[in-house]
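K.L.:
So here's model-v5.pdb, just PDB, C-alpha atoms:
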```pdb
ATOM      1  CA  MET A   1     139.512 127.706  66.547
ATOM      2  CA  GLU A   2     136.385 125.947  67.848
ATOM      3  CA  PHE A   3     136.364 125.331  71.608
ATOM      4  CA  LYS A   4     136.468 121.529  71.445
ATOM      5  CA  GLU A   5     139.384 121.650  69.007
ATOM      6  CA  LEU A   6     141.127 124.176  71.269
ATOM      7  CA  ILE A   7     140.894 122.000  74.397
ATOM      8  CA  LEU A   8     141.989 118.945  72.440
ATOM      9  CA  LYS A   9     145.041 120.739  71.002
ATOM     10  CA  ARG A  10     146.191 122.532  74.175
ATOM     11  CA  ARG A  11     148.873 120.400  75.830
ATOM     12  CA  SER A  12     151.788 121.072  78.160
ATOM     13  CA  CYS A  13     154.773 121.833  75.949
ATOM     14  CA  ARG A  14     158.245 120.883  77.147
ATOM     15  CA  ALA A  15     160.260 121.783  74.029
ATOM     16  CA  TYR A  16     160.053 125.117  72.223
ATOM     17  CA  GLU A  17     161.337 126.312  68.869
ATOM     18  CA  GLU A  18     164.320 128.601  69.211
ATOM     19  CA  SER A  19     162.960 131.360  66.961
ATOM     20  CA  GLY A  20     159.687 132.025  68.798
ATOM     21  CA  ARG A  21     158.661 135.538  69.815
ATOM     22  CA  ILE A  22     155.496 137.167  71.145
ATOM     23  CA  GLU A  23     154.761 140.868  70.774
ATOM     24  CA  LYS A  24     153.619 143.056  73.660
ATOM     25  CA  ALA A  25     150.259 143.788  71.961
ATOM     26  CA  GLU A  26     149.540 140.074  71.658
ATOM     27  CA  VAL A  27     150.497 139.481  75.305
ATOM     28  CA  GLU A  28     148.048 142.238  76.264
ATOM     29  CA  GLU A  29     145.303 140.669  74.145
ATOM     30  CA  VAL A  30     145.835 137.250  75.745
ATOM     31  CA  LEU A  31     145.845 138.763  79.258
ATOM     32  CA  ASN A  32     142.636 140.669  78.504
ATOM     33  CA  GLU A  33     141.003 137.415  77.382
ATOM     34  CA  ALA A  34     142.153 135.710  80.601
ATOM     35  CA  LEU A  35     140.484 138.493  82.596
ATOM     36  CA  LEU A  36     137.144 137.204  81.282
ATOM     37  CA  ALA A  37     137.455 134.185  83.610
ATOM     38  CA  PRO A  38     134.877 134.099  86.402
ATOM     39  CA  SER A  39     136.033 135.219  89.834
ATOM     40  CA  TRP A  40     134.561 135.669  93.293
ATOM     41  CA  CYS A  41     132.252 138.719  93.138
ATOM     42  CA  ASN A  42     134.238 139.801  90.046
ATOM     43  CA  TYR A  43     137.172 140.776  92.286
ATOM     44  CA  GLU A  44     139.608 139.641  89.591
ATOM     45  CA  SER A  45     142.356 139.052  92.154
ATOM     46  CA  ALA A  46     144.656 137.373  89.599
ATOM     47  CA  ARG A  47     147.911 139.206  88.897
ATOM     48  CA  CYS A  48     150.359 138.622  86.028
ATOM     49  CA  TYR A  49     153.997 139.567  85.662
ATOM     50  CA  VAL A  50     155.338 139.020  82.151
ATOM     51  CA  ALA A  51     158.901 138.614  80.934
ATOM     52  CA  VAL A  52     159.305 139.199  77.183
ATOM     53  CA  SER A  53     162.714 140.870  76.871
ATOM     54  CA  PRO A  54     165.689 138.495  76.603
ATOM     55  CA  GLU A  55     167.108 139.882  79.864
ATOM     56  CA  LYS A  56     163.867 139.391  81.818
ATOM     57  CA  ILE A  57     163.343 135.923  80.312
ATOM     58  CA  GLU A  58     166.819 134.879  81.448
ATOM     59  CA  ALA A  59     166.194 136.373  84.899
ATOM     60  CA  VAL A  60     162.981 134.340  85.271
ATOM     61  CA  ARG A  61     164.797 131.215  84.062
ATOM     62  CA  SER A  62     167.327 131.758  86.859
ATOM     63  CA  ALA A  63     164.433 131.480  89.344
ATOM     64  CA  LEU A  64     163.529 127.991  88.081
ATOM     65  CA  PRO A  65     165.002 124.650  89.148
ATOM     66  CA  ASP A  66     167.004 122.820  86.459
ATOM     67  CA  TYR A  67     164.068 120.520  85.665
ATOM     68  CA  ASN A  68     161.849 123.458  84.698
ATOM     69  CA  LYS A  69     164.693 125.336  82.984
ATOM     70  CA  ASN A  70     165.195 122.324  80.717
ATOM     71  CA  ASN A  71     161.463 121.911  80.057
ATOM     72  CA  SER A  72     161.043 125.552  79.088
ATOM     73  CA  LYS A  73     164.244 126.107  77.093
ATOM     74  CA  ASN A  74     163.689 128.617  74.267
ATOM     75  CA  ALA A  75     160.422 129.959  75.735
ATOM     76  CA  CYS A  76     159.670 133.356  74.190
ATOM     77  CA  ALA A  77     157.993 134.625  77.368
ATOM     78  CA  TYR A  78     157.265 133.715  80.957
ATOM     79  CA  ILE A  79     154.113 134.745  82.777
ATOM     80  CA  VAL A  80     154.275 134.673  86.562
ATOM     81  CA  THR A  81     150.783 134.397  88.031
ATOM     82  CA  ALA A  82     149.738 135.327  91.537
ATOM     83  CA  TYR A  83     146.609 136.249  93.428
ATOM     84  CA  GLU A  84     145.859 139.002  95.895
ATOM     85  CA  LYS A  85     145.335 137.747  99.454
ATOM     86  CA  GLY A  86     142.144 138.660 101.277
ATOM     87  CA  ALA A  87     140.028 139.392  98.187
ATOM     88  CA  SER A  88     138.319 136.287  96.780
ATOM     89  CA  GLY A  89     136.445 134.500  99.527
ATOM     90  CA  TYR A  90     136.273 137.517 101.824
ATOM     91  CA  ILE A  91     133.334 139.675 102.844
ATOM     92  CA  GLY A  92     133.991 142.859 104.774
ATOM     93  CA  GLY A  93     137.638 141.882 105.221
ATOM     94  CA  LYS A  94     136.785 138.532 106.826
ATOM     95  CA  PRO A  95     136.814 135.028 105.314
ATOM     96  CA  SER A  96     133.325 134.055 104.139
ATOM     97  CA  ASP A  97     133.910 130.414 105.067
ATOM     98  CA  GLY A  98     136.618 127.960 106.071
ATOM     99  CA  LEU A  99     138.348 128.185 102.708
ATOM    100  CA  GLY A 100     139.435 131.815 103.036
ATOM    101  CA  ASP A 101     142.293 132.526 100.622
ATOM    102  CA  GLN A 102     141.875 129.159  98.941
ATOM    103  CA  TRP A 103     139.157 130.892  96.918
ATOM    104  CA  GLY A 104     141.914 133.135  95.523
ATOM    105  CA  ALA A 105     143.801 130.034  94.392
ATOM    106  CA  TYR A 106     140.589 128.673  92.853
ATOM    107  CA  ASP A 107     139.979 131.908  90.953
ATOM    108  CA  LEU A 108     143.594 131.997  89.783
ATOM    109  CA  GLY A 109     143.229 128.432  88.495
ATOM    110  CA  LEU A 110     140.254 129.546  86.403
ATOM    111  CA  HIS A 111     142.214 132.570  85.198
ATOM    112  CA  ASP A 112     145.234 130.451  84.270
ATOM    113  CA  ALA A 113     143.041 127.956  82.403
ATOM    114  CA  TYR A 114     141.617 130.808  80.318
ATOM    115  CA  LEU A 115     145.150 132.149  79.868
ATOM    116  CA  VAL A 116     146.650 128.936  78.457
ATOM    117  CA  LEU A 117     143.604 128.366  76.241
ATOM    118  CA  SER A 118     143.887 131.924  74.928
ATOM    119  CA  LEU A 119     147.597 131.395  74.279
ATOM    120  CA  LYS A 120     146.796 128.252  72.292
ATOM    121  CA  ASP A 121     144.093 130.086  70.349
ATOM    122  CA  HIS A 122     146.762 132.656  69.399
ATOM    123  CA  GLY A 123     149.085 129.885  68.213
ATOM    124  CA  TYR A 124     151.289 129.549  71.304
ATOM    125  CA  ASP A 125     152.035 126.543  73.453
ATOM    126  CA  SER A 126     152.565 126.715  77.196
ATOM    127  CA  LEU A 127     153.725 124.910  80.296
ATOM    128  CA  ILE A 128     152.436 125.710  83.774
ATOM    129  CA  MET A 129     155.203 125.241  86.338
ATOM    130  CA  GLY A 130     154.812 125.370  90.096
ATOM    131  CA  LEU A 131     158.432 124.857  91.151
ATOM    132  CA  ARG A 132     160.203 128.238  91.332
ATOM    133  CA  ASP A 133     162.212 130.519  93.596
ATOM    134  CA  GLU A 134     159.488 132.743  95.007
ATOM    135  CA  ASN A 135     161.906 135.254  96.544
ATOM    136  CA  LYS A 136     163.780 135.789  93.250
ATOM    137  CA  LEU A 137     160.506 136.306  91.393
ATOM    138  CA  ARG A 138     159.250 138.752  94.032
ATOM    139  CA  GLU A 139     162.426 140.769  93.701
ATOM    140  CA  LEU A 140     162.528 140.579  89.895
ATOM    141  CA  PHE A 141     158.993 141.972  89.452
ATOM    142  CA  ALA A 142     158.579 143.840  92.770
ATOM    143  CA  ILE A 143     155.666 141.551  93.646
ATOM    144  CA  PRO A 144     154.097 142.737  96.910
ATOM    145  CA  GLU A 145     153.889 140.455  99.940
ATOM    146  CA  ASN A 146     150.069 140.548  99.860
ATOM    147  CA  GLU A 147     150.170 138.430  96.673
ATOM    148  CA  VAL A 148     150.603 134.661  96.585
ATOM    149  CA  ILE A 149     152.814 133.548  93.695
ATOM    150  CA  MET A 150     151.385 130.322  92.279
ATOM    151  CA  SER A 151     152.990 129.553  88.949
ATOM    152  CA  VAL A 152     155.319 130.427  86.130
ATOM    153  CA  ILE A 153     153.883 129.788  82.674
ATOM    154  CA  ALA A 154     156.347 129.263  79.837
ATOM    155  CA  VAL A 155     155.146 130.486  76.444
ATOM    156  CA  GLY A 156     156.457 129.504  73.021
ATOM    157  CA  THR A 157     155.815 127.498  69.905
ATOM    158  CA  HIS A 158     156.313 123.785  69.501
ATOM    159  CA  GLU A 159     157.080 122.312  66.131
ATOM    160  CA  GLY A 160     154.206 120.007  65.143
ATOM    161  CA  ASP A 161     151.511 118.633  67.410
ATOM    162  CA  ILE A 162     152.122 117.567  70.993
ATOM    163  CA  LYS A 163     150.873 114.050  71.646
ATOM    164  CA  PRO A 164     148.277 113.829  74.428
ATOM    165  CA  GLY A 165     149.248 111.793  77.464
ATOM    166  CA  PRO A 166     147.054 109.097  78.961
ATOM    167  CA  ARG A 167     143.955 110.228  80.820
ATOM    168  CA  LYS A 168     141.960 108.526  83.544
ATOM    169  CA  ALA A 169     138.630 107.026  82.649
ATOM    170  CA  LEU A 170     135.678 109.235  83.492
ATOM    171  CA  SER A 171     134.399 106.530  85.874
ATOM    172  CA  GLU A 172     137.559 107.010  87.982
ATOM    173  CA  VAL A 173     137.009 110.726  88.555
ATOM    174  CA  ALA A 174     133.252 111.308  88.372
ATOM    175  CA  LYS A 175     130.143 109.849  89.976
ATOM    176  CA  ILE A 176     127.007 110.430  87.911
ATOM    177  CA  ARG A 177     123.811 109.302  89.584
TER     178      ARG A 177
END
```
Represent the structure of the file as structure tokens.
P.N.:
Amino acid sequence: MEFKELILKRRSCRAYEESGRIEKAEVEEVLNEALLAPSWCNYESARCYVAVSPEKIEAVRSALPDYNKNNSKNACAYIVTAYEKGASGYIGGKPSDGLGDQWGAYDLGLHDAYLVLSLKDHGYDSLIMGLRDENKLRELFAIPENEVIMSVIAVGTHEGDIKPGPRKALSEVAKIR
């Protein structure tokens, strides 16, 4: 798929087909493509924890509030994304500027953007969710304390096209002089 078509077709999906499934090899391919995202000094501090078995999927669902459970019903996978503290934005173990670990969040945002675009390119829809039970997810995947859990990404297929929502005018968000 051409890039412009890809970004126009990728939308947050809140209703998935019941029969969807993603194979481990395809998950690995998508994650490898997401690793191509730029990161601070190529530290690649993004971390992914993927639920593809029915048991793991249900366990991740139990770590979501009802709103997100309903919006991701029938997802064929969940990808929990996190970043390693003290990597991006640090030089010699010290923050390079006032942003410190916020650079890790920035890098993870780039990573997750590549991830959802790669998913779409492979024929999958997705929903990035921030509301989750961090402690349950940590326990479920043995996520170390030195990682900041940012999101849970639901993966699946939506029947038909997802209609784009309204967008702000460029003049509202950009100043070009």
K.L.:
Counting all atoms listed in the file, which of A:Ala113, A:Trp40, A:Leu127, A:Pro54 gets nearest to Asp101 of chain A?
P.N.:
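The closest residue to Asp101 of chain A is A:Trp40.
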K.L.:
Using all atoms listed in the file, can you tell me which of A:Thr81, A:Ser96, A:Ser53, A:Ser171 comes closest to Arg138 of chain A?
P.N.:
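Closest to Arg138 of chain A of all the choices is A:Thr81.
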K.L.:
For Ala82 of chain A, find every residue with an atom within 10 Å (counting only C-alpha atoms), except residues of its own chain fewer than 6 positions away, and show them as a VMD selection string.
P.N.:
chain A and resid 45 to 49 104 to 105 108 to 109 112 143 146 to 152
K.L.:
Which residue out of A:Glu2, A:Asp107, A:Glu139, A:Glu23 has the minimum interatomic distance to Val155 of chain A when all atoms listed in the file are used?
P.N.:
A:Glu23
K.L.:
Using all atoms listed in the file, pick whichever of A:Arg177, A:Arg132, A:Arg10, A:Arg21 has the shortest atom-to-atom distance to Asn74 of chain A.
P.N.:
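So, comparing all the options, the nearest one is A:Arg21.
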K.L.:
Of the residues A:Asp133, A:Glu44, A:Glu33, A:Glu58, which is the one nearest to Gly86 of chain A, using only C-alpha atoms?
P.N.:
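Ranking A:Asp133, A:Glu44, A:Glu33, A:Glu58 by distance to Gly86 of chain A, first place goes to A:Glu44.
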K.L.:
To one decimal place in Å, what is the distance between atom CA of Ser72 of chain A and atom CA of Ala15 of chain A?
P.N.:
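Result for atom CA of Ser72 of chain A versus atom CA of Ala15 of chain A: 6.4 Å, one decimal.
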K.L.:
Between A:Tyr124, A:Tyr114, A:Tyr16, A:Tyr43, which one has atoms that come closest to Phe3 of chain A, using only C-alpha atoms?
P.N.:
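Checking each candidate against Phe3 of chain A, we get A:Tyr114 as the closest.
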K.L.:
Could you list, as a list in words, every residue matched by the PyMOL selection byres ((chain A and resi 26) around 12) in this structure?
P.N.:
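The output of the PyMOL selection byres ((chain A and resi 26) around 12) on this file is Arg21, Ile22, Glu23, Lys24, Ala25, Val27, Glu28, Glu29, Val30, Leu31, Asn32, Glu33, Val52, Ala77, Ser118, Leu119, Asp121, His122, Gly123 and Tyr124 of chain A.
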K.L.:
May I have the residues from that selection written out with C-alpha atoms, as a PDB file, in the coordinates of the input?
P.N.:
```
ATOM      1  CA  ARG A  21     158.661 135.538  69.815  1.00  0.00           C
ATOM      2  CA  ILE A  22     155.496 137.167  71.145  1.00  0.00           C
ATOM      3  CA  GLU A  23     154.761 140.868  70.774  1.00  0.00           C
ATOM      4  CA  LYS A  24     153.619 143.056  73.660  1.00  0.00           C
ATOM      5  CA  ALA A  25     150.259 143.788  71.961  1.00  0.00           C
ATOM      6  CA  VAL A  27     150.497 139.481  75.305  1.00  0.00           C
ATOM      7  CA  GLU A  28     148.048 142.238  76.264  1.00  0.00           C
ATOM      8  CA  GLU A  29     145.303 140.669  74.145  1.00  0.00           C
ATOM      9  CA  VAL A  30     145.835 137.250  75.745  1.00  0.00           C
ATOM     10  CA  LEU A  31     145.845 138.763  79.258  1.00  0.00           C
ATOM     11  CA  ASN A  32     142.636 140.669  78.504  1.00  0.00           C
ATOM     12  CA  GLU A  33     141.003 137.415  77.382  1.00  0.00           C
ATOM     13  CA  VAL A  52     159.305 139.199  77.183  1.00  0.00           C
ATOM     14  CA  ALA A  77     157.993 134.625  77.368  1.00  0.00           C
ATOM     15  CA  SER A 118     143.887 131.924  74.928  1.00  0.00           C
ATOM     16  CA  LEU A 119     147.597 131.395  74.279  1.00  0.00           C
ATOM     17  CA  ASP A 121     144.093 130.086  70.349  1.00  0.00           C
ATOM     18  CA  HIS A 122     146.762 132.656  69.399  1.00  0.00           C
ATOM     19  CA  GLY A 123     149.085 129.885  68.213  1.00  0.00           C
ATOM     20  CA  TYR A 124     151.289 129.549  71.304  1.00  0.00           C
TER      21      TYR A 124
END
```
K.L.:
Could the centre and edge lengths of an axis-aligned box, enclosing all atoms of segment 52-61 of chain A in the file with 4 Å extra on each side, be given in Å to one decimal as lines of an AutoDock Vina configuration file?
P.N.:
```
center_x = 163.2
center_y = 136.0
center_z = 80.9
size_x = 15.8
size_y = 17.7
size_z = 16.7
```
K.L.:
Do you have the atom CA of Glu134 of chain A-atom CA of Pro65 of chain A distance handy?
P.N.:
11.4 Å
K.L.:
Given the file shown, determine the residues that the PyMOL selection byres ((chain A and resi 50) around 6) selects; report them as a list in words.
P.N.:
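With the PyMOL selection byres ((chain A and resi 50) around 6) on this model, the match is Tyr49, Ala51, Tyr78 and Ile79 of chain A.
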K.L.:
Suppose you want the space between atom CA of Pro164 of chain A and atom CA of Leu36 of chain A; what is it in Å?
P.N.:
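These two atoms are separated by 26.8 Å.
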K.L.:
List every protein, DNA or RNA residue that has an atom no more than 7 Å from (138.1, 132.9, 84.8) in the file's coordinate frame, counting only C-alpha atoms, and report them as a PDB file with C-alpha atoms, in the coordinates of the input.
P.N.:
```
ATOM      1  CA  ALA A  34     142.153 135.710  80.601  1.00  0.00           C
ATOM      2  CA  LEU A  35     140.484 138.493  82.596  1.00  0.00           C
ATOM      3  CA  LEU A  36     137.144 137.204  81.282  1.00  0.00           C
ATOM      4  CA  ALA A  37     137.455 134.185  83.610  1.00  0.00           C
ATOM      5  CA  PRO A  38     134.877 134.099  86.402  1.00  0.00           C
ATOM      6  CA  SER A  39     136.033 135.219  89.834  1.00  0.00           C
ATOM      7  CA  ASP A 107     139.979 131.908  90.953  1.00  0.00           C
ATOM      8  CA  LEU A 110     140.254 129.546  86.403  1.00  0.00           C
ATOM      9  CA  HIS A 111     142.214 132.570  85.198  1.00  0.00           C
ATOM     10  CA  TYR A 114     141.617 130.808  80.318  1.00  0.00           C
TER      11      TYR A 114
END
```
K.L.:
Contacts of Cys13 of chain A at 7 Å or less, counting all atoms listed in the file, minus same-chain residues fewer than 3 places along, as number ranges by chain?
P.N.:
A: 125-127, 158
